[in-house]
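Colleague: Just start.txt, nothing more (compact mmCIF, C-alpha atoms and all ligand atoms):
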```
# COMPACT_ATOMS: atom_id res chain seq x y z
CA MET A 1186 -25.86 129.52 104.78
CA SER A 1187 -24.66 133.02 105.61
CA ASP A 1188 -20.90 133.53 105.55
CA ALA A 1189 -20.94 137.16 106.67
CA ILE A 1190 -17.80 138.14 108.61
CA PRO A 1191 -18.58 138.94 112.26
CA GLY A 1192 -17.34 142.44 113.09
CA LEU A 1193 -17.17 143.57 109.47
CA ARG A 1194 -19.69 146.40 109.54
CA LEU A 1195 -18.59 149.49 107.64
CA LEU A 1196 -16.89 147.51 104.88
CA ALA A 1197 -19.34 144.61 104.58
CA ARG A 1198 -21.36 144.18 101.45
CA ASP A 1199 -24.86 143.10 102.38
CA ALA A 1200 -28.49 143.88 101.68
CA ALA A 1201 -28.19 147.19 103.54
CA ASN A 1202 -25.00 148.17 101.65
CA PRO A 1203 -25.14 146.40 98.29
CA ASP A 1204 -23.00 148.83 96.29
CA ASP A 1205 -19.30 148.89 95.59
CA GLY A 1206 -17.23 151.18 97.84
CA ALA A 1207 -15.49 152.84 94.90
CA PHE A 1208 -13.65 156.12 95.43
CA VAL A 1209 -11.57 158.60 93.47
CA GLU A 1210 -8.12 159.79 94.54
CA ASN A 1211 -6.23 162.42 92.56
CA GLY A 1212 -8.30 161.67 89.48
CA VAL A 1213 -7.90 157.88 89.71
CA ARG A 1214 -11.06 155.90 90.28
CA LEU A 1215 -10.53 152.77 92.38
CA GLY A 1216 -13.26 150.12 92.17
CA GLY A 1217 -16.58 150.84 90.50
CA GLY A 1218 -15.72 148.91 87.35
CA SER A 1219 -12.27 150.49 86.88
CA PHE A 1220 -9.05 148.51 86.58
CA HIS A 1221 -5.47 149.60 87.30
CA VAL A 1222 -2.07 148.00 87.51
CA ILE A 1223 0.09 149.48 90.27
CA ALA A 1224 3.65 148.75 89.17
CA GLY A 1225 7.06 149.74 90.41
CA LEU A 1226 9.90 149.19 92.81
CA CYS A 1227 9.39 147.05 95.90
CA ALA A 1228 12.04 149.26 97.51
CA VAL A 1229 13.33 152.59 96.22
CA ASP A 1230 17.09 152.39 95.73
CA THR A 1231 18.53 155.00 93.36
CA ARG A 1232 17.08 158.14 91.83
CA GLU A 1233 17.99 156.79 88.43
CA ASN A 1234 16.07 153.54 88.92
CA ILE A 1235 12.91 155.26 90.10
CA GLU A 1236 13.16 157.71 87.21
CA ARG A 1237 13.60 154.90 84.65
CA ALA A 1238 10.78 152.83 86.14
CA PHE A 1239 8.29 155.71 86.17
CA ALA A 1240 9.28 156.68 82.62
CA ALA A 1241 8.52 153.10 81.51
CA LEU A 1242 5.13 153.28 83.24
CA GLU A 1243 4.37 156.51 81.43
CA ARG A 1244 5.24 154.92 78.07
CA ALA A 1245 2.91 152.02 78.95
CA GLY A 1246 0.07 154.37 79.92
CA VAL A 1247 0.17 153.41 83.60
CA VAL A 1248 -0.64 156.16 86.12
CA THR A 1249 -0.44 154.10 89.33
CA ALA A 1250 2.98 153.17 90.72
CA ARG A 1251 4.55 151.51 93.69
CA ALA A 1252 7.68 152.71 95.49
CA GLY A 1253 8.67 151.36 98.90
CA ALA A 1254 10.45 153.78 101.21
CA TRP A 1255 10.12 151.83 104.47
CA LYS A 1256 10.61 148.09 104.23
CA PRO A 1257 9.75 145.73 107.10
CA ARG A 1258 12.39 143.01 106.79
CA THR A 1259 12.69 139.66 108.49
CA SER A 1260 16.37 140.21 109.25
CA PRO A 1261 17.65 143.36 110.96
CA TYR A 1262 20.76 143.12 108.76
CA ASP A 1263 18.78 143.45 105.55
CA PHE A 1264 18.20 146.78 103.76
CA GLN A 1265 15.42 148.59 105.61
CA GLY A 1266 14.50 151.10 102.89
CA ARG A 1267 15.75 154.64 102.37
CA GLY A 1268 12.89 156.10 104.37
CA ALA A 1269 11.84 159.72 104.10
CA ALA A 1270 15.09 160.60 102.33
CA CYS A 1271 13.89 159.08 99.05
CA LEU A 1272 10.48 160.76 99.01
CA PRO A 1273 11.54 163.91 97.10
CA GLU A 1274 12.98 161.74 94.31
CA VAL A 1275 9.87 159.59 94.16
CA PHE A 1276 7.43 162.49 94.06
CA GLU A 1277 9.47 164.46 91.56
CA ALA A 1278 9.65 161.47 89.19
CA ALA A 1279 5.93 160.84 89.69
CA GLY A 1280 5.07 164.41 88.75
CA LYS A 1281 7.35 164.29 85.74
CA HIS A 1282 5.85 161.07 84.38
CA GLY A 1283 2.16 161.61 85.09
CA ILE A 1284 1.97 159.14 87.97
CA ARG A 1285 -1.15 160.12 89.91
CA LEU A 1286 -0.94 157.62 92.76
CA VAL A 1287 2.05 155.96 94.44
CA ALA A 1288 1.47 152.91 96.68
CA MET A 1289 3.87 153.11 99.60
CA GLU A 1290 3.99 151.09 102.80
CA VAL A 1291 4.11 152.85 106.17
CA THR A 1292 5.25 151.02 109.26
CA ARG A 1293 4.55 153.74 111.81
CA ALA A 1294 2.21 156.71 112.02
CA ALA A 1295 5.04 159.26 111.76
CA HIS A 1296 5.58 158.10 108.18
CA LEU A 1297 2.21 159.63 107.27
CA ASP A 1298 3.56 163.04 108.30
CA ASP A 1299 6.80 162.43 106.39
CA ILE A 1300 4.80 161.66 103.26
CA ALA A 1301 2.45 164.62 103.65
CA ARG A 1302 5.36 167.02 104.24
CA ALA A 1303 7.36 165.75 101.27
CA LEU A 1304 4.33 165.92 99.00
CA ASP A 1305 3.57 169.49 100.07
CA LEU A 1306 7.20 170.53 99.61
CA ALA A 1307 7.21 169.04 96.13
CA GLY A 1308 4.02 170.96 95.26
CA LYS A 1309 1.65 167.95 95.42
CA PRO A 1310 2.68 166.45 92.07
CA THR A 1311 1.00 163.13 92.89
CA SER A 1312 -0.82 161.35 95.72
CA VAL A 1313 -0.13 158.31 97.85
CA LEU A 1314 -2.00 155.08 98.49
CA VAL A 1315 -0.82 154.21 101.99
CA GLN A 1316 0.00 150.52 102.23
CA ILE A 1317 -0.31 148.38 105.35
CA GLY A 1318 1.97 145.39 104.87
CA THR A 1319 1.05 141.82 105.65
CA ARG A 1320 3.17 141.89 108.82
CA ASN A 1321 1.21 144.81 110.22
CA ALA A 1322 -2.29 143.45 109.64
CA GLN A 1323 -2.64 143.08 113.40
CA ASN A 1324 -0.72 146.19 114.41
CA PHE A 1325 -3.94 147.67 115.74
CA GLU A 1326 -2.51 151.00 116.86
CA LEU A 1327 -1.00 151.59 113.41
CA LEU A 1328 -4.31 150.65 111.77
CA LYS A 1329 -6.16 153.13 113.97
CA GLU A 1330 -3.68 155.90 113.21
CA VAL A 1331 -3.80 155.28 109.47
CA GLY A 1332 -7.60 155.32 109.72
CA ALA A 1333 -7.63 158.53 111.71
CA GLN A 1334 -6.20 160.50 108.76
CA GLN A 1335 -8.35 161.42 105.80
CA ARG A 1336 -5.76 162.68 103.37
CA PHE A 1337 -4.63 159.36 101.87
CA PRO A 1338 -6.58 156.23 100.91
CA VAL A 1339 -5.28 152.93 102.28
CA LEU A 1340 -4.38 149.53 100.83
CA VAL A 1341 -4.50 146.80 103.47
CA LYS A 1342 -2.64 143.61 102.61
CA ARG A 1343 -3.85 140.24 103.77
CA GLY A 1344 -2.20 139.31 107.06
CA MET A 1345 0.40 136.61 107.41
CA GLY A 1346 -0.73 133.48 109.23
CA ILE A 1347 -4.20 134.76 110.11
CA THR A 1348 -7.56 133.99 108.58
CA LEU A 1349 -9.14 136.01 105.79
CA ALA A 1350 -11.81 137.18 108.25
CA GLU A 1351 -9.12 138.43 110.65
CA SER A 1352 -7.37 140.24 107.81
CA LEU A 1353 -10.63 141.91 106.82
CA LEU A 1354 -10.97 143.23 110.34
CA ALA A 1355 -7.62 145.00 109.81
CA ALA A 1356 -9.35 146.98 107.06
CA GLU A 1357 -12.38 147.49 109.30
CA TYR A 1358 -10.06 149.05 111.91
CA VAL A 1359 -9.04 151.67 109.35
CA ALA A 1360 -12.65 152.38 108.37
CA GLN A 1361 -13.84 152.41 111.97
CA ALA A 1362 -11.19 155.00 112.81
CA GLY A 1363 -12.69 157.28 110.15
CA ASN A 1364 -11.20 156.44 106.76
CA ALA A 1365 -13.40 154.18 104.64
CA ARG A 1366 -11.35 154.73 101.47
CA VAL A 1367 -9.77 151.30 101.84
CA CYS A 1368 -8.70 148.65 99.31
CA PHE A 1369 -7.87 145.08 100.25
CA CYS A 1370 -4.96 143.18 98.70
CA LEU A 1371 -4.46 139.44 98.41
CA ARG A 1372 -0.77 138.47 98.37
CA GLY A 1373 -0.71 134.72 98.99
CA VAL A 1374 -0.62 132.95 102.33
CA ARG A 1375 2.45 131.73 104.14
CA THR A 1376 2.64 127.93 104.23
CA HIS A 1377 5.02 125.30 102.89
CA LEU A 1378 2.01 124.01 100.94
CA GLY A 1379 2.60 126.87 98.51
CA GLU A 1380 5.93 125.39 97.41
CA PRO A 1381 7.47 125.65 94.84
CA GLN A 1382 6.03 129.19 94.83
CA ARG A 1383 6.81 131.76 97.54
CA ASN A 1384 3.32 131.63 99.05
CA LEU A 1385 0.14 129.66 98.49
CA VAL A 1386 -1.63 131.78 95.90
CA ASP A 1387 -5.02 132.79 97.31
CA PHE A 1388 -6.58 134.53 94.33
CA ALA A 1389 -9.57 132.16 94.48
CA HIS A 1390 -10.61 134.59 97.24
CA VAL A 1391 -11.19 137.45 94.77
CA PRO A 1392 -14.88 136.56 94.25
CA ALA A 1393 -15.33 135.89 97.97
CA LEU A 1394 -13.99 139.37 98.76
CA LYS A 1395 -16.26 140.94 96.16
CA ARG A 1396 -19.22 139.18 97.69
CA LEU A 1397 -18.37 139.89 101.33
CA THR A 1398 -16.88 143.36 101.20
CA ARG A 1399 -17.38 146.68 99.46
CA MET A 1400 -13.64 147.30 99.09
CA PRO A 1401 -11.89 147.49 95.74
CA VAL A 1402 -9.98 144.21 95.51
CA CYS A 1403 -6.27 144.14 94.68
CA ALA A 1404 -4.00 141.15 94.04
CA ASP A 1405 -0.21 141.11 94.33
CA PRO A 1406 1.06 138.29 92.11
CA SER A 1407 4.72 139.24 92.70
CA HIS A 1408 4.67 138.56 96.44
CA ALA A 1409 2.32 135.60 95.94
CA VAL A 1410 4.47 133.55 93.54
CA GLY A 1411 7.90 135.03 94.29
CA PRO A 1412 10.93 134.58 92.02
CA ARG A 1413 10.36 134.61 88.28
CA VAL A 1414 10.12 131.21 86.61
CA ARG A 1415 9.09 130.45 83.08
CA SER A 1416 6.24 128.00 82.55
CA PRO A 1417 5.37 126.32 79.27
CA ALA A 1418 3.37 128.46 76.81
CA GLY A 1419 6.00 131.17 77.07
CA LEU A 1420 4.41 132.76 80.11
CA ASP A 1421 5.80 132.97 83.64
CA ASP A 1422 4.03 131.78 86.76
CA LEU A 1423 3.65 135.51 87.48
CA HIS A 1424 1.56 136.00 84.31
CA HIS A 1425 -0.62 132.98 84.98
CA VAL A 1426 -1.30 133.93 88.58
CA ALA A 1427 -1.99 137.58 87.71
CA ALA A 1428 -4.44 136.36 85.08
CA GLN A 1429 -6.25 134.25 87.69
CA ALA A 1430 -6.92 137.33 89.81
CA VAL A 1431 -7.92 139.51 86.86
CA ILE A 1432 -10.22 137.00 85.17
CA ALA A 1433 -12.04 136.66 88.50
CA GLY A 1434 -12.61 140.42 88.72
CA ALA A 1435 -9.74 141.97 90.70
CA ASP A 1436 -9.96 145.77 90.47
CA LEU A 1437 -6.23 146.31 90.97
CA LEU A 1438 -2.94 144.47 90.49
CA LEU A 1439 0.19 145.31 92.45
CA VAL A 1440 3.34 144.17 90.68
CA ASP A 1441 7.08 144.52 91.20
CA VAL A 1442 9.04 146.07 88.31
CA HIS A 1443 12.72 147.05 88.39
CA PRO A 1444 15.09 148.40 85.72
CA ARG A 1445 17.89 146.13 87.00
CA PRO A 1446 16.38 143.28 89.06
CA ASP A 1447 19.90 141.88 89.62
CA GLN A 1448 20.82 145.07 91.48
CA ALA A 1449 17.56 145.51 93.43
CA LEU A 1450 18.02 145.65 97.19
CA VAL A 1451 14.70 143.90 97.95
CA ASP A 1452 12.84 141.17 96.02
CA GLY A 1453 14.83 141.58 92.77
CA PRO A 1454 14.26 137.96 91.67
CA GLN A 1455 10.50 138.49 91.53
CA ALA A 1456 10.54 141.77 89.57
CA LEU A 1457 9.65 142.25 85.92
CA THR A 1458 12.19 144.17 83.87
CA LEU A 1459 11.10 147.35 82.10
CA ASP A 1460 11.33 145.52 78.76
CA GLU A 1461 8.99 142.83 80.04
CA LEU A 1462 6.38 145.27 81.34
CA PRO A 1463 4.46 145.90 78.07
CA ARG A 1464 4.11 142.17 77.41
CA PHE A 1465 2.87 141.64 80.97
CA LEU A 1466 0.33 144.44 80.63
CA ALA A 1467 -0.86 143.03 77.30
CA ASP A 1468 -1.39 139.63 78.91
CA VAL A 1469 -3.25 141.24 81.82
CA ASN A 1470 -5.48 143.07 79.35
CA ILE A 1471 -6.41 139.76 77.71
CA ALA A 1472 -7.50 138.47 81.13
CA ARG A 1473 -9.40 141.68 81.86
CA ALA A 1474 -11.22 141.45 78.50
CA ALA A 1475 -12.10 137.84 79.32
CA TYR A 1476 -13.50 138.97 82.68
CA GLU A 1477 -15.62 141.64 80.99
CA GLU A 1478 -16.84 139.04 78.48
CA ARG A 1479 -17.71 136.62 81.30
CA ARG A 1480 -19.65 139.39 83.06
CA ARG A 1481 -21.62 140.21 79.94
CA ALA A 1482 -22.42 136.54 79.38
CA ALA A 1483 -23.48 136.15 83.01
CA ALA A 1484 -25.79 139.17 82.79
CA SER A 1485 -27.91 137.35 80.19
CA ILE A 1486 -28.43 134.37 82.52
CA PRO A 1487 -31.48 134.94 84.75
CA ALA A 1488 -30.32 135.36 88.33
CA PRO A 1489 -31.20 132.34 90.46
CA PRO A 1490 -33.01 133.07 93.73
CA ALA A 1491 -30.48 134.00 96.43
CA ALA A 1492 -28.63 130.80 97.26
CA ASP A 1493 -29.14 131.18 101.00
CA ALA A 1494 -32.90 131.59 100.72
CA ALA A 1495 -33.26 128.65 98.31
CA VAL A 1496 -31.18 126.40 100.53
CA SER A 1497 -33.08 127.25 103.70
CA PHE A 1498 -36.46 127.01 101.92
CA GLU A 1499 -35.72 123.45 100.83
CA ALA A 1500 -34.22 122.54 104.19
CA LEU A 1501 -37.26 123.90 106.04
CA ARG A 1502 -39.62 122.00 103.78
CA ARG A 1503 -37.82 118.77 104.58
CA ARG A 1504 -37.93 119.63 108.26
CA PHE A 1505 -41.72 120.23 108.11
CA GLU A 1506 -42.19 116.84 106.49
CA ALA A 1507 -40.05 115.10 109.10
CA ILE A 1508 -41.88 116.75 112.02
CA ASP A 1509 -45.31 116.02 110.54
CA SER A 1510 -44.34 112.36 110.07
CA THR A 1511 -43.33 112.22 113.72
CA LEU A 1512 -46.66 113.82 114.72
CA ILE A 1513 -48.59 111.23 112.70
CA ALA A 1514 -46.59 108.38 114.21
CA LEU A 1515 -47.33 109.75 117.70
CA LEU A 1516 -51.04 110.06 116.87
CA ALA A 1517 -51.01 106.40 115.77
CA GLU A 1518 -49.47 105.44 119.12
CA ARG A 1519 -52.00 107.59 120.95
CA MET A 1520 -54.92 105.94 119.18
CA ALA A 1521 -53.52 102.46 119.84
CA ALA A 1522 -53.27 103.39 123.55
CA SER A 1523 -56.88 104.63 123.46
CA ARG A 1524 -58.07 101.29 122.10
CA ALA A 1525 -56.14 99.43 124.78
CA MET A 1526 -57.76 101.69 127.41
CA VAL A 1527 -61.21 100.30 126.52
CA HIS A 1528 -60.23 96.97 128.12
CA ALA A 1529 -58.42 98.51 131.08
CA LYS A 1530 -61.42 100.68 132.02
CA HIS A 1531 -63.83 97.82 131.50
CA ALA A 1532 -61.80 95.56 133.79
CA LEU A 1533 -61.85 98.22 136.53
CA ALA A 1534 -65.47 99.26 135.84
CA HIS A 1535 -64.09 102.82 135.26
CA PRO A 1536 -66.37 105.21 133.30
CA VAL A 1537 -65.17 106.03 129.77
CA VAL A 1538 -65.57 109.77 130.34
CA ASP A 1539 -64.03 111.27 133.50
CA PRO A 1540 -64.53 115.12 133.43
CA ALA A 1541 -62.29 115.83 136.47
CA ARG A 1542 -59.45 113.77 134.98
CA GLU A 1543 -59.89 115.56 131.62
CA ARG A 1544 -59.71 119.00 133.30
CA ASP A 1545 -56.48 118.04 135.15
CA ALA A 1546 -54.94 116.70 131.94
CA ALA A 1547 -55.83 119.95 130.09
CA VAL A 1548 -54.19 122.04 132.85
CA ALA A 1549 -51.03 119.92 132.69
CA ARG A 1550 -50.88 120.22 128.89
CA ARG A 1551 -51.35 123.99 129.08
CA ALA A 1552 -48.49 124.25 131.63
CA LEU A 1553 -46.18 122.22 129.40
CA GLY A 1554 -47.27 124.25 126.38
CA ASP A 1555 -46.41 127.49 128.21
CA LYS A 1556 -43.01 126.11 129.11
CA LEU A 1557 -42.25 125.08 125.52
CA GLY A 1558 -43.75 128.16 123.89
CA VAL A 1559 -46.74 126.44 122.28
CA ASP A 1560 -49.78 128.65 121.95
CA GLY A 1561 -52.62 127.69 124.40
CA GLU A 1562 -55.38 128.00 121.83
CA LEU A 1563 -53.57 125.70 119.41
CA LEU A 1564 -53.15 123.10 122.17
CA GLU A 1565 -56.80 123.38 123.17
CA ARG A 1566 -58.09 122.91 119.64
CA LEU A 1567 -55.69 120.13 118.81
CA PHE A 1568 -56.42 118.14 122.00
CA ALA A 1569 -60.17 118.73 121.73
CA GLU A 1570 -59.93 116.65 118.52
CA VAL A 1571 -57.56 114.06 119.98
CA VAL A 1572 -59.65 113.55 123.14
CA GLU A 1573 -62.91 113.45 121.16
CA TRP A 1574 -61.44 110.81 118.83
CA SER A 1575 -60.09 108.81 121.75
CA ARG A 1576 -63.52 108.80 123.43
CA ARG A 1577 -65.11 107.58 120.25
CA LEU A 1578 -62.63 104.71 120.02
CA GLN A 1579 -63.52 103.78 123.59
CA GLY A 1580 -67.24 103.87 122.76
CA GLY A 1581 -67.82 106.91 124.98
C1 LIG B 1601 5.36 144.84 99.61
O1 LIG B 1601 4.31 144.96 98.95
O2 LIG B 1601 6.41 145.40 99.34
C2 LIG B 1601 5.37 143.92 100.74
C3 LIG B 1601 6.32 143.96 101.65
O3 LIG B 1601 4.35 143.09 100.72
P1 LIG B 1601 3.76 142.19 101.92
O4 LIG B 1601 3.46 143.11 103.03
O5 LIG B 1601 2.54 141.61 101.29
O6 LIG B 1601 4.81 141.16 102.21
MN MN B 1602 8.58 143.01 98.42
```
Show the structure stored in the file as structure tokens.
Modeller:
Amino acid sequence: MSDAIPGLRLLARDAANPDDGAFVENGVRLGGGSFHVIAGLCAVDTRENIERAFAALERAGVVTARAGAWKPRTSPYDFQGRGAACLPEVFEAAGKHGIRLVAMEVTRAAHLDDIARALDLAGKPTSVLVQIGTRNAQNFELLKEVGAQQRFPVLVKRGMGITLAESLLAAEYVAQAGNARVCFCLRGVRTHLGEPQRNLVDFAHVPALKRLTRMPVCADPSHAVGPRVRSPAGLDDLHHVAAQAVIAGADLLLVDVHPRPDQALVDGPQALTLDELPRFLADVNIARAAYEERRRAAASIPAPPAADAAVSFEALRRRFEAIDSTLIALLAERMAASRAMVHAKHALAHPVVDPARERDAAVARRALGDKLGVDGELLERLFAEVVEWSRRLQGG
């Protein structure tokens, strides 16, 4: 069975485009066997917090950060982000601490210009991975505008309350508009069935995305599970869920980190502290090593024939057998009718062979064959045998 996504053309992985759509931005390779953790503040608040967070990333060897300037919020009374005003602080701290890529959500096209201007003014110390938030996965005009620019790659987050296929078309919008440097990010799906976690964690879709699309696959465990809770084994739900994505082959993780989660203006309860970051990264590395090990082990197993082909081959064989059985049963009926005809013709003193009747019957069969798309020669040969056999049974 084919599960290709209708409408996913540029970003689909299929026989025509079997390779990974990896790309490099500002020296950071995304996809293509690489792995990065994008960590940082859900929303930029103070210069000091961004500085402390990026310094912690540098100490941990992380070169990909997140820093939200524009925050789409459910309530108009909630903090909406500092907007363009915080960009100089973010880019300066990024340059200082070797951050090569900052993931940052835009909610309107003008934000792309704000980012480009601030980066240029700061002397291009870093680059930006433009994020499309879950709430904008069907903001088609925004998707087109983000796709129409080539300067920044894009991270599209799975849409809220829409199917995975519909979310993938959000990414296709970006590619179709001209920018195929797109990553796709799972972040859980909104349903009460996810309780007690914030969303229903959807990281089982990592392998499906790898199979269906060429995009580097990201997972956001922070927005998927929500507030931090400790599970047995000394690990939080956040660690376990991040490990699920990584052990299945996610190319990127997006995670909230904050120097003072209690003071964060957005999503503080789900953020790791700076002290907790190294332990989290170590746990993620265990999962990544396990994924690599699983890949190596799988490479030594001979590849089975493509599942689709094997399934349809078997199904078609069974269908052949069923049709042939029906044909044989019909032939049995036909021969029984031929035997009965011996008596009917005898009673009426009708000749066994009636050439005019046989010609009419052949014309009628040919007409039906044409209508049903059965080749005329096949019909002629088949019925030559059937009629000949029938005559014999009638002693003709
Ligand atoms: C975010 O990453 O800060 C965010 C708002 O995520 P989402 O769009 O997935 O809710
Ligand atoms: Mn958030």
Colleague: Name the closest residue to A:Arg1244 among the candidates A:Asp1460, A:Leu1533, A:Ala1393, A:Ala1514; distances are taken between atoms, counting only C-alpha atoms.
Modeller: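 The shortest atom-to-atom distance to A:Arg1244 comes from A:Asp1460.
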Colleague: Which residue, A:Arg1372, A:Arg1214, A:Arg1366, A:His1296, has the smallest gap to ligand LIG 1601 (chain B) when you use all atoms listed in the file?
Modeller: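 Checking each of A:Arg1372, A:Arg1214, A:Arg1366, A:His1296 against ligand LIG 1601 (chain B), counting all atoms listed in the file, the winner is A:Arg1372.
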Colleague: What is the atom CA of A:Asp1305 to atom CA of A:Ala1245 distance in Å?
Modeller: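 The value is 27.4 Å.
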Colleague: Which residue is closest to ligand MN 1602 (chain B)? Choose from A:Pro1454, A:Gly1268, A:Gly1308, A:Gly1283 and count all atoms listed in the file.
Modeller: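 Using all atoms listed in the file, ligand MN 1602 (chain B) sits closest to A:Pro1454.
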Colleague: So for ligand LIG 1601 (chain B), what box centre and size do we get, axis-aligned, 5 Å extra on each of the six sides, every listed atom, Å to one decimal, as JSON?
Modeller:
```
{"center_x": 4.5, "center_y": 143.3, "center_z": 101.0, "size_x": 13.9, "size_y": 14.2, "size_z": 14.1}
```
Colleague: Set out as a Markdown table a contact list for chain A and ligand MN 1602 (chain B) with a cut-off of 7 Å, giving each residue of chain A that qualifies its closest atom pair and distance in Å to one decimal, counting only C-alpha atoms and all ligand atoms, ordered by chain and rising residue number.
Modeller:
```
| residue | atom | partner | partner_atom | distance |
| --- | --- | --- | --- | --- |
| A:Cys1227 | CA | B:MN1602 | MN | 4.8 |
| A:His1408 | CA | B:MN1602 | MN | 6.2 |
| A:Val1451 | CA | B:MN1602 | MN | 6.2 |
| A:Asp1452 | CA | B:MN1602 | MN | 5.2 |
```
Colleague: Would you list the residues that come within 9 Å of ligand LIG 1601 (chain B)? Count all atoms listed in the file and give the answer as a count of residues only.
Modeller: 37
Colleague: Return the single residue from A:Ala1428, A:Ala1356, A:Leu1242, A:Asp1555 that is closest to A:Pro1401, with distances computed using all atoms listed in the file.
Modeller: A:Ala1356
Colleague: Using all atoms listed in the file, find the one residue out of A:Ile1471, A:Val1313, A:Leu1459, A:Ala1484 that sits nearest to A:Ile1432.
Modeller: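 Result for the nearest residue to A:Ile1432: A:Ile1471.
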Colleague: Can you work out which one of A:Ala1294, A:Ala1301, A:Ala1224, A:Leu1286 has the shortest atom-to-atom distance to A:Leu1328, counting all atoms listed in the file?
Modeller: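 Among the listed residues, the smallest separation from A:Leu1328 belongs to A:Ala1294.
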Colleague: Between atom CA of A:Arg1396 and atom CA of A:Glu1210, what distance in Å does the model show, to one decimal?
Modeller: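 These two atoms are separated by 23.6 Å.
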Colleague: Between atom CA of A:Ile1513 and atom CA of A:Asp1539, what is the spacing in Å?
Modeller: 25.9 Å
Colleague: Excluding A:Asp1422 and residues on its chain fewer than 4 positions from it, collect all residues at most 9 Å away from it, counting only C-alpha atoms, and give them as a VMD selection string.
Modeller: chain A and resid 1382 1406 1410 1413 to 1416 1426 to 1427
Colleague: Compile the contact shell of A:Ala1333 as a list in words: residues with an atom at most 7 Å away, counting all atoms listed in the file, same-chain residues fewer than 5 positions apart removed.
Modeller: Ala1362, Gly1363 and Asn1364 of chain A
Colleague: Quick one: residues within 12 Å of A:His1377, only C-alpha atoms counted, chain neighbours fewer than 6 positions away excluded, as a list in words?
Modeller: Gly1346, Arg1383, Asn1384, Leu1385 and Val1386 of chain A
Colleague: Those same residues, written as a CSV table (one decimal), in the coordinates of the input with C-alpha atoms?
Modeller:
```
chain,number,residue,atom,x,y,z
A,1346,GLY,CA,-0.7,133.5,109.2
A,1383,ARG,CA,6.8,131.8,97.5
A,1384,ASN,CA,3.3,131.6,99.0
A,1385,LEU,CA,0.1,129.7,98.5
A,1386,VAL,CA,-1.6,131.8,95.9
```
Colleague: Within 9 Å of (-22.5, 147.0, 95.8), all atoms listed in the file: residues as a list of chain:residue names?
Modeller: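 Residues with an atom close enough to that point: A:Arg1198, A:Asp1199, A:Ala1200, A:Asn1202, A:Pro1203, A:Asp1204, A:Asp1205, A:Gly1206, A:Gly1217, A:Lys1395, A:Arg1396, A:Thr1398, A:Arg1399.
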